[in-house]
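Here is the structure we will look at.
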Amino acid sequence: MKRKIINIFGWYGVAAILGAYALLNFGMLEARSIIYQLLNLTGAMGVGVDALNDKDWQPVVLNLVWAVIAIVSLIISLSQ
């Protein structure tokens, strides 16, 4: 059951990151929007948790950095 839940988080992460990217490129979101950054943050967390569970370190590092970038962008957006 635990593996299934982690797998769902991973698939959510993929969908969130791809969705954010598509919405940005189709002009439906702006890069500084809170929704865009939240999709990137939660997506990176989902993929990162799944990769961490598999001990697949390259995606763990990639998504950790991705999440940090999203957090910094959120802080900047919220402070303006």
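Every chain in the structure tokens has a letter given in the order shown (A, B, ...), and although residue numbers restart at 1 in each chain, ligands are simply numbered from 1 in the order shown.
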
Within 9 Å of range 49-61 of chain A, counting only C-alpha atoms, which residues qualify if same-chain residues fewer than 2 places away don't, as an mmCIF file with N, CA and C atoms, in the first residue's frame?
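Saved file selection26.cif follows:
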```cif
data_model
loop_
_atom_site.group_PDB
_atom_site.id
_atom_site.type_symbol
_atom_site.label_atom_id
_atom_site.label_comp_id
_atom_site.auth_asym_id
_atom_site.auth_seq_id
_atom_site.Cartn_x
_atom_site.Cartn_y
_atom_site.Cartn_z
ATOM 1 N N ARG A 3 3.869 1.683 -1.160
ATOM 2 C CA ARG A 3 4.471 1.860 -2.487
ATOM 3 C C ARG A 3 3.462 2.464 -3.466
ATOM 4 N N ILE A 6 3.136 6.213 -2.744
ATOM 5 C CA ILE A 6 4.325 6.920 -3.228
ATOM 6 C C ILE A 6 4.301 7.014 -4.749
ATOM 7 N N ASN A 7 3.868 5.950 -5.403
ATOM 8 C CA ASN A 7 3.758 5.953 -6.865
ATOM 9 C C ASN A 7 2.746 6.999 -7.336
ATOM 10 N N ILE A 8 1.655 7.146 -6.617
ATOM 11 C CA ILE A 8 0.649 8.167 -6.948
ATOM 12 C C ILE A 8 1.253 9.566 -6.804
ATOM 13 N N PHE A 9 2.026 9.791 -5.719
ATOM 14 C CA PHE A 9 2.725 11.071 -5.557
ATOM 15 C C PHE A 9 3.637 11.345 -6.753
ATOM 16 N N GLY A 10 4.368 10.321 -7.183
ATOM 17 C CA GLY A 10 5.272 10.478 -8.324
ATOM 18 C C GLY A 10 4.531 10.852 -9.597
ATOM 19 N N TRP A 11 3.433 10.170 -9.858
ATOM 20 C CA TRP A 11 2.661 10.491 -11.060
ATOM 21 C C TRP A 11 2.010 11.870 -10.966
ATOM 22 N N ALA A 44 7.713 18.799 -7.989
ATOM 23 C CA ALA A 44 9.075 18.389 -7.647
ATOM 24 C C ALA A 44 9.081 17.533 -6.381
ATOM 25 N N MET A 45 8.234 17.876 -5.432
ATOM 26 C CA MET A 45 8.154 17.087 -4.205
ATOM 27 C C MET A 45 7.633 15.676 -4.505
ATOM 28 N N GLY A 46 6.621 15.581 -5.359
ATOM 29 C CA GLY A 46 6.068 14.273 -5.702
ATOM 30 C C GLY A 46 7.068 13.374 -6.408
ATOM 31 N N VAL A 47 7.725 13.912 -7.427
ATOM 32 C CA VAL A 47 8.728 13.132 -8.148
ATOM 33 C C VAL A 47 9.907 12.823 -7.234
ATOM 34 N N ASN A 63 15.099 17.290 -8.420
ATOM 35 C CA ASN A 63 13.832 17.781 -7.893
ATOM 36 C C ASN A 63 13.992 18.545 -6.591
ATOM 37 N N LEU A 64 15.039 18.272 -5.842
ATOM 38 C CA LEU A 64 15.339 19.097 -4.669
ATOM 39 C C LEU A 64 15.693 20.511 -5.110
ATOM 40 N N VAL A 65 16.549 20.627 -6.110
ATOM 41 C CA VAL A 65 16.911 21.951 -6.641
ATOM 42 C C VAL A 65 15.682 22.621 -7.256
ATOM 43 N N TRP A 66 14.888 21.863 -7.998
ATOM 44 C CA TRP A 66 13.657 22.384 -8.613
ATOM 45 C C TRP A 66 12.732 22.958 -7.541
#
```

Item to check | Contacts of Gly43 in chain A at 6 Å (only C-alpha atoms; same-chain gap of 4+ positions) as an MDAnalysis selection string | outcome: chainID A and resid 13 16:17 39

With C-alpha atoms kept, could you save the residues just selected as a PDB file, in the first residue's frame?
```pdb
ATOM      1  CA  GLY A  13       4.482  15.251  -9.677  1.00  0.00           C
ATOM      2  CA  ALA A  16       1.984  18.939 -12.133  1.00  0.00           C
ATOM      3  CA  ILE A  17       5.363  19.810 -13.679  1.00  0.00           C
ATOM      4  CA  LEU A  39       2.619  23.354  -9.357  1.00  0.00           C
TER       5      LEU A  39
END
```

Item to check | Pick from A:Ile5, A:Ser79, A:Gly48, A:Ser73 nearest to Arg32 in chain A, counting only C-alpha atoms | outcome: A:Ser73

Next on the checklist: Between CA of Ala20 in chain A and CA of Leu38 in chain A, what is the distance in Å, rounded to a tenth?
Outcome noted: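 A separation of 9.0 Å between them.
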